[in-house]
Each structure stands twice: as structure tokens, then as C-alpha cells.
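First the structure, in the form of C-alpha cells, and then the observations on it.
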Amino acid sequence: MKCSSHNREKNEGESAPYDENTLKTISKRARLSEGEEAARRILREIYRYGRVGTKDLAYATRLPVPVVAAVRRELEKMGLVSRKAGAVLTSKGEEYVKNILGLSMKGSLLCEACSGKTIIIKEEFRSIVEKLERYANLRPRPYTWLDQAFGIPETAVLRALFMLEEGDVEGRKIIFLGDDDLTSIATGLLGASRKITVIDIDGRLLELISDISRSEGISIECVHHDLRKPLPNELRNTYDVVFTDPPYTIQGLKLFLSRGIDALRKRKCASLYLSFAHKPPEEMLSLQVAISEMGLFIREMITRFNKYEGAEMFANTTFLAKLETTEEAHPSIVGPFDGKIYTGEVSPTIRRYKCKCGYEIDVGISKEFQTIEDLKSQGCPQCGRKKGFKMIRRYAI
């Protein structure tokens, strides 16, 4: 067995010359929207840490899991990487990253305590995390067609503490545009806000937030409302701070930020906190253009700030951005909106997965299982297995 593995690595390593164009070749074969730099980032992480799983690679490089898997396969074909309980560099791969890419640093320079988030949960706030862990277990099954993916309890608390550090909790009126992560609860438990309001289309979540609010005595106002309709008049020009984790489409972003601007008192440098998925370059540019066109600017952006349960398509992580208003701040969407805002509407895709038992299942917005998370939750229709599914085909509809 060892001899076979050695021969395979040798043959793959001799299958192609390695030079400055190798990354371009990998990028082209894997059809990377992010270009050759994405392939370089993946190689860099494998070199730095020695052995890395696909999900950890996706988290570290801020790339979707399917993208990382595609690049890893191409790296394997070229003999630069092999799989040994994770991706590892072959001897040829080691030579390539050192001599051609010029890599030399091992490990990471990120703060171990905060993982680059700039903030940690101190002991005095641990009781809030413990409460959020209990309350998070009470959340209903996510509505994937609403792009729901539940944030972990630590993320809700870190968000609240980050806003507290920024001066956006004490004495403030805060509105949450959607809150399936229970960040409003974490913020309310700090006991420093003047008013907290949550708007959500999902009545189940609002009922849970109301129940927790009553039991904790934190007086969160819950409003059942579809943000495709304008804000109720009593919520306009009222709040000091907005927090939103909108659908991860540009139209979804525009709509939620527009409603957020409507909710704010009119002044410069009012804060809007935005959680959003890491996207390919063209989409990130569109995101920045949309933000700028509304008279907002990005004060700070922290990558990999948020962690989620069952959101593997974007590596279970998104960034947190603090946006601020200028005198020109204005909504880009005014009045009712009837366009598409959810991922399944904007980019409908069918993915075919194969279970270890051999059964093939189509997953997509028009199917019984709308996401891979739905399939894993309910299990293979034939054998009941809840893990080990392999994507074998993907096509747009």
C-alpha cells in the first residue's frame, strides 16, 4: 500500500512542469471567479499548517466549500497536493510553494484570543453566552428559502459586544432587520440600550424572541413585517443604530440597507452593521458600489467574524462590516419592492448528490430538499444516512 501511494505521488508530480503559469492553469481548470490568487491562497494555507481539511481551507481562504474542493482536485491532479486525512503538500508541492511562490512563513500571525475579530468575550459576559446557548436550541428549523442560517451563540454575543465597544449600545435605540441569530437577545442582556426592536418575516422567530424577552425582562419590541414593503411610519426616522444580516444577494443587500436608512434618525455617521457572505471579486465590487451609491461608507470590515450552523456553501462564516451614513445617505429602494432578493430566486441551481448507498438526490429550491443542510437534516430517502453525500453534478435552471 505504501509503495502504491509513493508511486502515485511520483507520477502525478512528473505530470506537468511547474512555473509562474501553474496557478493560471489551475484557475482555468477549476473555473475560478476569484482567479489565480484563490489557488495561491489555498496552497499558502496548506503550506502554513501542514494538513488542512476542505472546510477549514474554505474558512481560512473565505472561499465557498465547492470552490475549494474543485481547486484541491486540480492540485491533486497536478501532483502538488495529496489527501491524507486532509490536504497536504507533496514533495513537489513543497518545492513549488518555496521556490516558485516564495512562501516561507509557517503558522499564523492572527491574535489567538480573538482570531482577528478585534474583540473577545471576557469572563464577565460568559453568562450571556450560556443563556444564548440554551435559547439557540429553541429556534425552529431554518427556512432555507428565506436564506436563513443560524449563527452560533458566540457570534451573537460577539456582535453585541462589538457594538458596545463602538458606542452603539449604551443609551441607543437599535433596530434589527431580521434576527434569526438572536443578536437582539444578546444585546438586550447587556442591559444598556434605550430601546430594541426586531423586524422579521418569520413569525416563529418573533414569538421565540418575545418569549425570551419577557422571561428576561428586556422589553424587545417585535414587529412581523415583510421588508419588501416599506417600513411602518412609526418606525421611520426613529433609531440610532441598525443591524442586519440580509439575504446574500445584491438586491437583498440594497433592500435591507434601504429600509435601514429609512429607520435611522437623519444625521452623519449613524451606524449600520452589516453581516454578509464573502463573495467573488465582481460581486464584492457590486456590493461596494451599492453601499456607496446610497451615501454610506465602510468604516470597518472584519472578515470571518460570524460563524453559522449548517451554512457550508459559504464555509459557515461571513464578514461583519460597520457602515456609516453621510449627509447624502438615502435609500436606493423606495416604496414596495417586488423583485427577487433570496439566493434561490436570484441564482436557482440544482445540485445532484450521491449517497454512500448509491442513491442520487437532486437538491434545489424546486425540490424536496432545498439545500444540502435539509438533506443532511432529514437523511437519505433510501437508507436514512445523514452524512457522506458527494456532489456529482450542478446545473442552473
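By convention here, the chains of the C-alpha cells are called A, B, ... in the order presented, each chain's residues are numbered starting at 1, and ligands are numbered starting at 1 in the order presented.
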
Can you pull out the residues contacting Tyr49 (chain A)? Cut-off 9 Å, using only C-alpha atoms, and skip same-chain residues under 4 positions away; I want them as a PyMOL selection string.
chain A and resi 44-45+88+106-108

If we count only C-alpha atoms and set the cut-off at 12 Å, which residues sit around region 63-71 of chain A, ignoring sequence neighbours fewer than 5 positions away in its own chain? Please answer as a PyMOL selection string.
chain A and resi 23-43+45-46+52-58+76-78+80-81+83+86-87+277-281+303-304+311-318+351+390-394

Excluding Ser184 (chain A) and its own-chain neighbours fewer than 6 positions away, which residues fall within 12 Å of it when counting only C-alpha atoms? Please give them as a compact mmCIF listing (two decimals) with C-alpha atoms, in the first residue's frame.
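Writing done, so here's selection-v4.txt:
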# COMPACT_ATOMS: atom_id res chain seq x y z
CA LEU A 132 -27.74 32.14 24.34
CA PRO A 153 -24.37 31.77 20.22
CA THR A 155 -21.38 35.12 17.27
CA ALA A 156 -24.50 36.82 18.67
CA VAL A 157 -22.61 37.82 21.82
CA LEU A 158 -19.53 39.00 19.91
CA ARG A 159 -21.75 41.18 17.73
CA ALA A 160 -23.38 42.73 20.78
CA LEU A 161 -20.01 43.34 22.45
CA MET A 163 -21.45 47.29 19.07
CA VAL A 169 -25.46 50.04 22.61
CA LYS A 173 -32.33 52.83 20.09
CA ILE A 174 -31.41 49.80 17.98
CA ILE A 175 -33.42 48.10 15.24
CA PHE A 176 -32.62 44.61 13.93
CA LEU A 177 -33.80 43.96 10.37
CA GLY A 178 -34.19 40.19 10.66
CA LEU A 190 -26.23 43.75 28.23
CA GLY A 191 -28.89 45.93 29.87
CA SER A 193 -29.91 50.04 25.40
CA LYS A 195 -34.90 50.53 23.00
CA ILE A 196 -34.56 47.38 20.90
CA THR A 197 -36.86 46.50 18.00
CA VAL A 198 -36.79 43.39 15.81
CA ILE A 199 -38.48 43.17 12.39
CA ASP A 200 -38.77 39.75 10.80
CA LEU A 205 -38.71 33.57 15.45
CA LEU A 206 -40.56 36.65 16.66
CA LEU A 208 -39.44 32.99 20.44
CA ILE A 209 -37.75 36.38 20.83
CA SER A 210 -40.86 37.76 22.55
CA ILE A 212 -37.28 35.19 25.85
CA SER A 213 -37.64 38.95 26.17
CA ILE A 218 -35.52 43.11 28.45
CA SER A 219 -38.57 44.56 26.63
CA ILE A 220 -37.75 43.81 23.00
CA GLU A 221 -40.38 45.08 20.58
CA CYS A 222 -41.17 42.54 17.82
CA VAL A 242 -29.31 49.38 12.57
CA PHE A 243 -28.14 45.76 12.50
CA THR A 244 -28.92 43.46 9.58

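Here CA of Lys254 (chain A) is placed at a distance of 20.6 Å from CA of Val223 (chain A).
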
Computed interatomic separation between CA of Pro348 (chain A) and CA of Val363 (chain A) (Å):
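A separation of 10.7 Å between them.
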
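When CA of Ala270 (chain A) is paired with CA of Asp168 (chain A), their separation reads 9.2 Å.
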